[in-house]
>>> print(open('coords31.cif').read())   # mmCIF, C-alpha atoms
data_final
#
loop_
_atom_site.label_atom_id
_atom_site.label_comp_id
_atom_site.auth_asym_id
_atom_site.auth_seq_id
_atom_site.Cartn_x
_atom_site.Cartn_y
_atom_site.Cartn_z
CA MET A 1 15.51 1.26 8.94
CA ILE A 2 14.48 4.66 7.61
CA THR A 3 16.94 7.56 7.47
CA ILE A 4 15.81 11.18 7.59
CA THR A 5 18.77 13.31 6.52
CA GLU A 6 19.72 16.47 8.41
CA SER A 7 18.45 18.70 5.60
CA ALA A 8 15.11 16.82 5.59
CA GLN A 9 14.90 17.09 9.38
CA GLU A 10 15.42 20.86 9.17
CA TYR A 11 12.80 21.17 6.42
CA LEU A 12 10.24 19.04 8.27
CA ALA A 13 10.87 20.93 11.54
CA GLU A 14 10.14 24.22 9.74
CA LEU A 15 6.96 22.84 8.20
CA LEU A 16 5.79 21.58 11.58
CA LYS A 17 6.45 24.96 13.24
CA LYS A 18 4.26 26.66 10.63
CA GLN A 19 1.33 24.44 11.65
CA ASN A 20 1.16 26.28 14.99
CA CYS A 21 0.10 23.11 16.82
CA GLU A 22 1.79 22.01 20.05
CA GLY A 23 3.02 18.40 19.81
CA ILE A 24 2.46 18.01 16.07
CA ALA A 25 4.63 15.30 14.48
CA VAL A 26 4.93 13.54 11.14
CA ARG A 27 3.62 10.10 10.26
CA ILE A 28 5.30 7.97 7.63
CA PHE A 29 3.44 5.14 5.92
CA ILE A 30 3.21 3.25 2.65
CA LEU A 31 -0.04 2.93 0.73
CA ASP A 32 -0.39 -0.45 -1.04
CA ALA A 33 2.86 -1.69 0.52
CA GLY A 34 4.40 -4.72 -1.16
CA THR A 35 2.64 -4.10 -4.47
CA PRO A 36 3.65 -2.37 -7.71
CA LYS A 37 1.34 0.52 -6.71
CA ALA A 38 3.18 1.23 -3.42
CA GLU A 39 3.45 4.90 -2.54
CA THR A 40 5.46 6.23 0.41
CA CYS A 41 3.77 9.10 2.24
CA ILE A 42 4.55 11.62 4.97
CA SER A 43 1.68 13.46 6.65
CA PHE A 44 1.17 15.76 9.58
CA CYS A 45 0.22 13.91 12.74
CA ARG A 46 -1.57 16.04 15.31
CA PRO A 47 -1.73 14.88 18.93
CA GLY A 48 -4.11 11.93 19.15
CA GLU A 49 -3.92 11.06 15.44
CA SER A 50 -1.19 8.43 15.76
CA GLN A 51 -2.10 4.77 16.10
CA ASP A 52 -1.24 2.73 19.21
CA SER A 53 0.72 0.33 17.01
CA ASP A 54 2.84 3.09 15.41
CA GLU A 55 6.57 3.05 16.06
CA LEU A 56 7.75 6.36 17.57
CA ARG A 57 11.06 7.89 16.44
CA HIS A 58 12.53 10.91 18.20
CA TYR A 59 14.47 13.51 16.23
CA PRO A 60 16.07 16.64 17.70
CA GLU A 61 13.22 19.00 16.71
CA PHE A 62 10.24 16.70 16.11
CA ASN A 63 8.86 13.19 16.45
CA ALA A 64 7.98 10.78 13.65
CA TYR A 65 5.46 7.96 13.82
CA LEU A 66 6.00 4.97 11.53
CA GLU A 67 2.91 2.96 10.68
CA ALA A 68 3.51 -0.54 12.06
CA ARG A 69 2.30 -2.27 8.90
CA SER A 70 4.73 -0.18 6.81
CA VAL A 71 7.84 -0.70 8.93
CA PRO A 72 9.19 -3.76 7.02
CA TYR A 73 8.79 -1.89 3.73
CA LEU A 74 10.64 1.19 5.08
CA LYS A 75 13.90 -0.74 5.48
CA ASP A 76 16.69 1.27 3.79
CA ALA A 77 14.29 4.16 3.05
CA VAL A 78 15.77 7.67 2.88
CA VAL A 79 13.93 10.97 3.29
CA ASP A 80 16.01 13.84 1.92
CA TYR A 81 15.60 17.51 1.12
CA ALA A 82 17.55 19.24 -1.63
CA LYS A 83 17.44 22.99 -2.17
CA ASP A 84 17.10 24.21 -5.73
CA SER A 85 16.24 27.37 -7.66
CA MET A 86 12.52 26.83 -6.97
CA GLY A 87 13.07 26.47 -3.21
CA GLY A 88 13.67 22.78 -2.77
CA GLN A 89 12.21 19.33 -2.92
CA LEU A 90 11.54 16.68 -0.31
CA THR A 91 12.17 13.19 -1.69
CA ILE A 92 11.40 9.79 -0.25
CA LYS A 93 13.20 6.77 -1.62
CA ALA A 94 11.94 3.46 -0.26
CA PRO A 95 13.56 0.70 -2.32
CA ASN A 96 11.70 -2.06 -0.46
CA SER A 97 8.22 -0.51 -0.60
CA ARG A 98 7.11 -2.56 -3.60
CA LEU A 99 8.74 -5.83 -2.65
CA PRO A 100 6.40 -8.42 -1.20
CA GLN A 101 7.52 -9.35 2.29
CA ILE A 102 5.41 -12.14 3.61
CA SER A 103 5.84 -14.07 6.84
CA ASP A 104 3.58 -15.96 9.23
CA ASP A 105 2.96 -12.64 11.00
CA SER A 106 1.94 -10.76 7.83
CA SER A 107 -1.51 -9.21 7.71
CA ILE A 108 -4.20 -10.84 5.62
CA GLU A 109 -4.09 -7.80 3.28
CA ASP A 110 -0.38 -8.30 2.66
CA ARG A 111 -0.85 -12.01 2.03
CA VAL A 112 -3.75 -11.45 -0.40
CA ASN A 113 -1.76 -8.77 -2.27
CA TYR A 114 1.24 -11.09 -2.45
CA VAL A 115 -0.82 -13.84 -4.11
CA LEU A 116 -2.58 -11.39 -6.44
CA TYR A 117 0.58 -9.68 -7.67
CA ASN A 118 2.86 -12.69 -7.82
CA GLU A 119 0.59 -15.53 -8.92
CA ILE A 120 -2.74 -14.31 -10.27
CA ASN A 121 -1.99 -11.04 -12.08
CA PRO A 122 0.83 -12.46 -14.21
CA SER A 123 -1.72 -14.93 -15.68
CA LEU A 124 -4.38 -12.26 -16.15
CA ALA A 125 -1.85 -9.97 -17.86
CA ALA A 126 -1.83 -12.34 -20.86
CA HIS A 127 -5.37 -11.09 -21.56
CA GLY A 128 -4.65 -7.50 -20.55
CA GLY A 129 -6.37 -7.98 -17.19
CA VAL A 130 -5.59 -7.18 -13.59
CA VAL A 131 -7.25 -7.70 -10.22
CA THR A 132 -6.67 -5.63 -7.08
CA LEU A 133 -7.69 -5.92 -3.46
CA GLU A 134 -10.15 -3.22 -2.45
CA GLU A 135 -10.61 -4.26 1.19
CA ILE A 136 -10.83 -7.10 3.66
CA PHE A 137 -14.34 -7.21 5.10
CA ASP A 138 -15.16 -8.87 8.45
CA ASN A 139 -11.52 -10.07 8.68
CA SER A 140 -12.23 -12.94 6.28
CA ILE A 141 -13.83 -11.67 3.04
CA ALA A 142 -11.58 -10.37 0.26
CA VAL A 143 -13.29 -7.71 -1.86
CA LEU A 144 -11.63 -7.50 -5.28
CA LYS A 145 -11.89 -5.28 -8.34
CA PHE A 146 -11.06 -6.42 -11.86
CA GLY A 147 -9.66 -4.08 -14.49
CA GLY A 148 -8.28 -4.02 -18.02
CA GLY A 149 -9.36 -6.98 -20.13
CA CYS A 150 -11.16 -8.55 -17.15
CA GLN A 151 -13.64 -5.71 -16.71
CA GLY A 152 -16.80 -6.70 -18.54
CA CYS A 153 -15.26 -9.97 -19.78
CA GLY A 154 -17.76 -12.73 -20.46
CA MET A 155 -15.50 -15.23 -18.67
CA VAL A 156 -14.96 -13.20 -15.49
CA ASP A 157 -17.22 -15.44 -13.37
CA LEU A 158 -15.13 -18.48 -14.32
CA THR A 159 -11.90 -16.54 -13.73
CA LEU A 160 -13.15 -15.42 -10.32
CA LYS A 161 -14.48 -18.78 -9.09
CA GLU A 162 -12.07 -21.25 -10.67
CA GLY A 163 -8.95 -19.13 -10.67
CA VAL A 164 -8.76 -16.23 -8.27
CA GLU A 165 -11.08 -17.40 -5.49
CA LYS A 166 -9.81 -21.00 -5.55
CA THR A 167 -6.17 -19.86 -5.35
CA LEU A 168 -6.78 -17.34 -2.56
CA LEU A 169 -8.87 -19.71 -0.42
CA GLU A 170 -6.28 -22.50 -0.80
CA GLN A 171 -3.34 -20.29 0.12
CA ILE A 172 -4.92 -18.11 2.80
CA PRO A 173 -7.02 -20.27 5.14
CA GLN A 174 -8.30 -17.21 7.09
CA LEU A 175 -10.32 -16.18 4.02
CA THR A 176 -13.87 -17.51 3.87
CA GLU A 177 -15.09 -15.72 0.76
CA VAL A 178 -13.98 -13.67 -2.23
CA ARG A 179 -16.27 -10.99 -3.71
CA ASP A 180 -16.07 -8.99 -6.93
CA ILE A 181 -17.25 -5.35 -6.86
CA THR A 182 -16.35 -4.56 -10.47
CA ASP A 183 -18.89 -2.82 -12.70
CA HIS A 184 -18.88 -5.35 -15.55
CA SER A 185 -21.34 -3.35 -17.66
CA GLN A 186 -18.29 -1.51 -19.06
CA ARG A 187 -17.18 -3.86 -21.85
CA GLU A 188 -14.94 -1.70 -24.12
CA ASN A 189 -11.69 -3.42 -23.11
CA ALA A 190 -13.10 -6.88 -22.32
CA TYR A 191 -11.02 -9.78 -23.56
CA PHE A 192 -14.08 -12.01 -24.18
CA LYS A 193 -17.27 -10.09 -25.04
#
>>> encode(input="coords31.cif", output="structure tokens")
Amino acid sequence: MITITESAQEYLAELLKKQNCEGIAVRIFILDAGTPKAETCISFCRPGESQDSDELRHYPEFNAYLEARSVPYLKDAVVDYAKDSMGGQLTIKAPNSRLPQISDDSSIEDRVNYVLYNEINPSLAAHGGVVTLEEIFDNSIAVLKFGGGCQGCGMVDLTLKEGVEKTLLEQIPQLTEVRDITDHSQRENAYFK
């Protein structure tokens, strides 16, 4: 699981003391976990801001909440603090944050991102395109956004219906619909105009 080194623990404890808030903790999570855009984050977590599903870790001078959805991606992660001439730097290395980790228990977001980044985007990349998940609406509607050569492309409807939507609906039975929220009036980079 995640390791917070002694120097990082000392640094975080000092930061938390400066917040002058009884019971303040840190919360560790990964934005866009399992995708090439994954970003590991640490934030302040005031009393009542943690989620019921968070995993609580106790350290000598503070508590840390790990976002449940991020836990598999935090395996082998290390939070460290190194002093330098400018004061120091807190670093977070999470080698598994960008690796897709899909199981039967995975969230629908993780499963959609897995299909997008491992099956659909490699094909779109041939035309300079990319598609990302913006949100899951009503627990069954994937809202997507196209970019690169797909934004404004004259063939995007065919790509969406016959490629992206068909693949997602076949592989993720919980999905009932796929929507595109891209502004296709921007055509500068479109592959087909």
>>> residues_around(input="coords31.cif", residues="region 10-19 of chain A", least_positions_apart="6", cutoff="12 Å", atoms="all atoms listed in the file", output="list of chain:residue names")
A:Ile4, A:Ala25, A:Val26, A:Arg27, A:Ile42, A:Ser43, A:Phe44, A:Cys45, A:Arg46, A:Tyr59, A:Pro60, A:Glu61, A:Phe62, A:Asn63, A:Ala64, A:Val79, A:Asp80, A:Tyr81, A:Ala82, A:Lys83, A:Gly87, A:Gly88, A:Gln89, A:Leu90, A:Thr91
>>> atom_distance(input="coords31.cif", atom1="CA of Met155 (chain A)", atom2="CA of Thr182 (chain A)")
13.5 Å
>>> closest_residue(input="coords31.cif", among="A:Leu74, A:Val178, A:Met86, A:Val164", to="Phe137 (chain A)", atoms="all atoms listed in the file")
A:Val178
>>> atom_distance(input="coords31.cif", atom1="CA of Arg179 (chain A)", atom2="CA of Val143 (chain A)")
4.8 Å
>>> resolve_selection(input="coords31.cif", expression="the PyMOL selection byres ((chain A and resi 127-131) around 10)", output="PyMOL selection string")
chain A and resi 113+116-117+120-126+132-134+144-151+153+160+164+180+182+189-192
>>> atom_distance(input="coords31.cif", atom1="CA of Asn118 (chain A)", atom2="CA of Pro100 (chain A)")
8.6 Å
>>> decode(input="coords31.cif", residues="region 110-160 of chain A", atoms="N, CA and C atoms", output="PDB file, in the first residue's frame")
ATOM      1  N   ASP A 110     -14.278   3.444 -14.108  1.00  0.00           N
ATOM      2  CA  ASP A 110     -13.014   2.763 -14.365  1.00  0.00           C
ATOM      3  C   ASP A 110     -13.116   1.853 -15.587  1.00  0.00           C
ATOM      4  N   ARG A 111     -14.241   1.186 -15.725  1.00  0.00           N
ATOM      5  CA  ARG A 111     -14.413   0.261 -16.845  1.00  0.00           C
ATOM      6  C   ARG A 111     -14.520   1.012 -18.170  1.00  0.00           C
ATOM      7  N   VAL A 112     -15.239   2.148 -18.174  1.00  0.00           N
ATOM      8  CA  VAL A 112     -15.326   2.960 -19.393  1.00  0.00           C
ATOM      9  C   VAL A 112     -13.945   3.498 -19.759  1.00  0.00           C
ATOM     10  N   ASN A 113     -13.225   4.045 -18.768  1.00  0.00           N
ATOM     11  CA  ASN A 113     -11.880   4.562 -19.044  1.00  0.00           C
ATOM     12  C   ASN A 113     -10.952   3.473 -19.562  1.00  0.00           C
ATOM     13  N   TYR A 114     -11.067   2.288 -19.029  1.00  0.00           N
ATOM     14  CA  TYR A 114     -10.234   1.169 -19.491  1.00  0.00           C
ATOM     15  C   TYR A 114     -10.469   0.914 -20.982  1.00  0.00           C
ATOM     16  N   VAL A 115     -11.729   0.829 -21.385  1.00  0.00           N
ATOM     17  CA  VAL A 115     -12.049   0.572 -22.791  1.00  0.00           C
ATOM     18  C   VAL A 115     -11.595   1.739 -23.664  1.00  0.00           C
ATOM     19  N   LEU A 116     -11.838   2.970 -23.214  1.00  0.00           N
ATOM     20  CA  LEU A 116     -11.429   4.137 -24.000  1.00  0.00           C
ATOM     21  C   LEU A 116      -9.927   4.158 -24.230  1.00  0.00           C
ATOM     22  N   TYR A 117      -9.150   3.994 -23.160  1.00  0.00           N
ATOM     23  CA  TYR A 117      -7.704   4.162 -23.275  1.00  0.00           C
ATOM     24  C   TYR A 117      -6.985   2.960 -23.846  1.00  0.00           C
ATOM     25  N   ASN A 118      -7.586   1.788 -23.758  1.00  0.00           N
ATOM     26  CA  ASN A 118      -6.890   0.596 -24.239  1.00  0.00           C
ATOM     27  C   ASN A 118      -7.412   0.059 -25.562  1.00  0.00           C
ATOM     28  N   GLU A 119      -8.637   0.412 -25.944  1.00  0.00           N
ATOM     29  CA  GLU A 119      -9.183  -0.123 -27.184  1.00  0.00           C
ATOM     30  C   GLU A 119      -9.570   0.961 -28.180  1.00  0.00           C
ATOM     31  N   ILE A 120     -10.207   2.028 -27.711  1.00  0.00           N
ATOM     32  CA  ILE A 120     -10.740   3.025 -28.636  1.00  0.00           C
ATOM     33  C   ILE A 120      -9.701   4.081 -28.999  1.00  0.00           C
ATOM     34  N   ASN A 121      -9.036   4.670 -28.011  1.00  0.00           N
ATOM     35  CA  ASN A 121      -8.084   5.739 -28.305  1.00  0.00           C
ATOM     36  C   ASN A 121      -6.906   5.312 -29.175  1.00  0.00           C
ATOM     37  N   PRO A 122      -6.383   4.105 -29.031  1.00  0.00           N
ATOM     38  CA  PRO A 122      -5.309   3.723 -29.956  1.00  0.00           C
ATOM     39  C   PRO A 122      -5.746   3.789 -31.431  1.00  0.00           C
ATOM     40  N   SER A 123      -7.005   3.464 -31.728  1.00  0.00           N
ATOM     41  CA  SER A 123      -7.510   3.565 -33.105  1.00  0.00           C
ATOM     42  C   SER A 123      -7.683   5.019 -33.520  1.00  0.00           C
ATOM     43  N   LEU A 124      -8.228   5.829 -32.619  1.00  0.00           N
ATOM     44  CA  LEU A 124      -8.438   7.246 -32.930  1.00  0.00           C
ATOM     45  C   LEU A 124      -7.115   7.991 -33.107  1.00  0.00           C
ATOM     46  N   ALA A 125      -6.079   7.530 -32.426  1.00  0.00           N
ATOM     47  CA  ALA A 125      -4.770   8.193 -32.494  1.00  0.00           C
ATOM     48  C   ALA A 125      -4.210   8.198 -33.916  1.00  0.00           C
ATOM     49  N   ALA A 126      -4.602   7.231 -34.736  1.00  0.00           N
ATOM     50  CA  ALA A 126      -4.138   7.180 -36.124  1.00  0.00           C
ATOM     51  C   ALA A 126      -4.585   8.424 -36.895  1.00  0.00           C
ATOM     52  N   HIS A 127      -5.666   9.045 -36.452  1.00  0.00           N
ATOM     53  CA  HIS A 127      -6.165  10.273 -37.078  1.00  0.00           C
ATOM     54  C   HIS A 127      -5.927  11.490 -36.194  1.00  0.00           C
ATOM     55  N   GLY A 128      -5.102  11.333 -35.186  1.00  0.00           N
ATOM     56  CA  GLY A 128      -4.802  12.438 -34.276  1.00  0.00           C
ATOM     57  C   GLY A 128      -5.925  12.734 -33.306  1.00  0.00           C
ATOM     58  N   GLY A 129      -6.828  11.772 -33.098  1.00  0.00           N
ATOM     59  CA  GLY A 129      -7.979  11.999 -32.239  1.00  0.00           C
ATOM     60  C   GLY A 129      -7.866  11.326 -30.892  1.00  0.00           C
ATOM     61  N   VAL A 130      -8.756  11.738 -29.999  1.00  0.00           N
ATOM     62  CA  VAL A 130      -8.822  11.170 -28.661  1.00  0.00           C
ATOM     63  C   VAL A 130     -10.236  11.393 -28.132  1.00  0.00           C
ATOM     64  N   VAL A 131     -10.687  10.496 -27.265  1.00  0.00           N
ATOM     65  CA  VAL A 131     -11.979  10.669 -26.616  1.00  0.00           C
ATOM     66  C   VAL A 131     -11.788  10.408 -25.126  1.00  0.00           C
ATOM     67  N   THR A 132     -12.413  11.233 -24.296  1.00  0.00           N
ATOM     68  CA  THR A 132     -12.302  11.086 -22.845  1.00  0.00           C
ATOM     69  C   THR A 132     -13.686  11.041 -22.220  1.00  0.00           C
ATOM     70  N   LEU A 133     -13.753  10.409 -21.065  1.00  0.00           N
ATOM     71  CA  LEU A 133     -14.985  10.350 -20.296  1.00  0.00           C
ATOM     72  C   LEU A 133     -15.099  11.619 -19.474  1.00  0.00           C
ATOM     73  N   GLU A 134     -16.215  12.319 -19.616  1.00  0.00           N
ATOM     74  CA  GLU A 134     -16.469  13.515 -18.822  1.00  0.00           C
ATOM     75  C   GLU A 134     -17.215  13.161 -17.538  1.00  0.00           C
ATOM     76  N   GLU A 135     -18.228  12.294 -17.657  1.00  0.00           N
ATOM     77  CA  GLU A 135     -18.981  11.873 -16.475  1.00  0.00           C
ATOM     78  C   GLU A 135     -19.870  10.694 -16.822  1.00  0.00           C
ATOM     79  N   ILE A 136     -20.340  10.029 -15.781  1.00  0.00           N
ATOM     80  CA  ILE A 136     -21.382   9.023 -15.907  1.00  0.00           C
ATOM     81  C   ILE A 136     -22.637   9.665 -15.330  1.00  0.00           C
ATOM     82  N   PHE A 137     -23.675   9.739 -16.139  1.00  0.00           N
ATOM     83  CA  PHE A 137     -24.915  10.400 -15.765  1.00  0.00           C
ATOM     84  C   PHE A 137     -25.977   9.333 -15.492  1.00  0.00           C
ATOM     85  N   ASP A 138     -26.738   9.487 -14.423  1.00  0.00           N
ATOM     86  CA  ASP A 138     -27.801   8.548 -14.052  1.00  0.00           C
ATOM     87  C   ASP A 138     -27.304   7.096 -13.963  1.00  0.00           C
ATOM     88  N   ASN A 139     -26.064   6.901 -13.615  1.00  0.00           N
ATOM     89  CA  ASN A 139     -25.451   5.580 -13.433  1.00  0.00           C
ATOM     90  C   ASN A 139     -25.458   4.701 -14.671  1.00  0.00           C
ATOM     91  N   SER A 140     -25.841   5.247 -15.836  1.00  0.00           N
ATOM     92  CA  SER A 140     -25.874   4.385 -17.020  1.00  0.00           C
ATOM     93  C   SER A 140     -25.598   5.116 -18.333  1.00  0.00           C
ATOM     94  N   ILE A 141     -25.347   6.425 -18.285  1.00  0.00           N
ATOM     95  CA  ILE A 141     -25.108   7.193 -19.507  1.00  0.00           C
ATOM     96  C   ILE A 141     -23.683   7.747 -19.465  1.00  0.00           C
ATOM     97  N   ALA A 142     -22.869   7.334 -20.429  1.00  0.00           N
ATOM     98  CA  ALA A 142     -21.494   7.824 -20.521  1.00  0.00           C
ATOM     99  C   ALA A 142     -21.491   9.108 -21.342  1.00  0.00           C
ATOM    100  N   VAL A 143     -20.971  10.186 -20.757  1.00  0.00           N
ATOM    101  CA  VAL A 143     -20.862  11.469 -21.440  1.00  0.00           C
ATOM    102  C   VAL A 143     -19.398  11.642 -21.839  1.00  0.00           C
ATOM    103  N   LEU A 144     -19.160  11.718 -23.141  1.00  0.00           N
ATOM    104  CA  LEU A 144     -17.803  11.742 -23.681  1.00  0.00           C
ATOM    105  C   LEU A 144     -17.483  13.077 -24.343  1.00  0.00           C
ATOM    106  N   LYS A 145     -16.186  13.328 -24.481  1.00  0.00           N
ATOM    107  CA  LYS A 145     -15.724  14.523 -25.182  1.00  0.00           C
ATOM    108  C   LYS A 145     -14.602  14.112 -26.132  1.00  0.00           C
ATOM    109  N   PHE A 146     -14.757  14.497 -27.394  1.00  0.00           N
ATOM    110  CA  PHE A 146     -13.746  14.201 -28.402  1.00  0.00           C
ATOM    111  C   PHE A 146     -12.762  15.360 -28.500  1.00  0.00           C
ATOM    112  N   GLY A 147     -11.529  15.047 -28.858  1.00  0.00           N
ATOM    113  CA  GLY A 147     -10.508  16.066 -29.019  1.00  0.00           C
ATOM    114  C   GLY A 147      -9.586  15.726 -30.174  1.00  0.00           C
ATOM    115  N   GLY A 148      -8.635  16.626 -30.427  1.00  0.00           N
ATOM    116  CA  GLY A 148      -7.676  16.402 -31.507  1.00  0.00           C
ATOM    117  C   GLY A 148      -8.367  16.352 -32.855  1.00  0.00           C
ATOM    118  N   GLY A 149      -8.002  15.389 -33.666  1.00  0.00           N
ATOM    119  CA  GLY A 149      -8.564  15.247 -35.005  1.00  0.00           C
ATOM    120  C   GLY A 149     -10.030  14.874 -35.033  1.00  0.00           C
ATOM    121  N   CYS A 150     -10.588  14.462 -33.893  1.00  0.00           N
ATOM    122  CA  CYS A 150     -12.008  14.102 -33.835  1.00  0.00           C
ATOM    123  C   CYS A 150     -12.904  15.314 -33.610  1.00  0.00           C
ATOM    124  N   GLN A 151     -12.361  16.373 -33.045  1.00  0.00           N
ATOM    125  CA  GLN A 151     -13.179  17.556 -32.770  1.00  0.00           C
ATOM    126  C   GLN A 151     -13.468  18.271 -34.080  1.00  0.00           C
ATOM    127  N   GLY A 152     -14.745  18.347 -34.428  1.00  0.00           N
ATOM    128  CA  GLY A 152     -15.153  18.996 -35.665  1.00  0.00           C
ATOM    129  C   GLY A 152     -15.043  18.117 -36.892  1.00  0.00           C
ATOM    130  N   CYS A 153     -14.659  16.866 -36.729  1.00  0.00           N
ATOM    131  CA  CYS A 153     -14.496  15.942 -37.855  1.00  0.00           C
ATOM    132  C   CYS A 153     -15.858  15.625 -38.464  1.00  0.00           C
ATOM    133  N   GLY A 154     -15.913  15.590 -39.779  1.00  0.00           N
ATOM    134  CA  GLY A 154     -17.147  15.294 -40.488  1.00  0.00           C
ATOM    135  C   GLY A 154     -17.616  13.860 -40.293  1.00  0.00           C
ATOM    136  N   MET A 155     -16.775  12.990 -39.799  1.00  0.00           N
ATOM    137  CA  MET A 155     -17.118  11.580 -39.607  1.00  0.00           C
ATOM    138  C   MET A 155     -17.363  11.240 -38.134  1.00  0.00           C
ATOM    139  N   VAL A 156     -17.423  12.240 -37.264  1.00  0.00           N
ATOM    140  CA  VAL A 156     -17.514  11.969 -35.832  1.00  0.00           C
ATOM    141  C   VAL A 156     -18.796  11.222 -35.455  1.00  0.00           C
ATOM    142  N   ASP A 157     -19.914  11.502 -36.152  1.00  0.00           N
ATOM    143  CA  ASP A 157     -21.149  10.787 -35.832  1.00  0.00           C
ATOM    144  C   ASP A 157     -20.991   9.290 -36.084  1.00  0.00           C
ATOM    145  N   LEU A 158     -20.367   8.944 -37.205  1.00  0.00           N
ATOM    146  CA  LEU A 158     -20.119   7.538 -37.524  1.00  0.00           C
ATOM    147  C   LEU A 158     -19.154   6.930 -36.509  1.00  0.00           C
ATOM    148  N   THR A 159     -18.098   7.662 -36.164  1.00  0.00           N
ATOM    149  CA  THR A 159     -17.138   7.181 -35.172  1.00  0.00           C
ATOM    150  C   THR A 159     -17.827   6.937 -33.840  1.00  0.00           C
ATOM    151  N   LEU A 160     -18.692   7.875 -33.434  1.00  0.00           N
ATOM    152  CA  LEU A 160     -19.394   7.734 -32.162  1.00  0.00           C
ATOM    153  C   LEU A 160     -20.334   6.536 -32.181  1.00  0.00           C
TER     154      LEU A 160
END
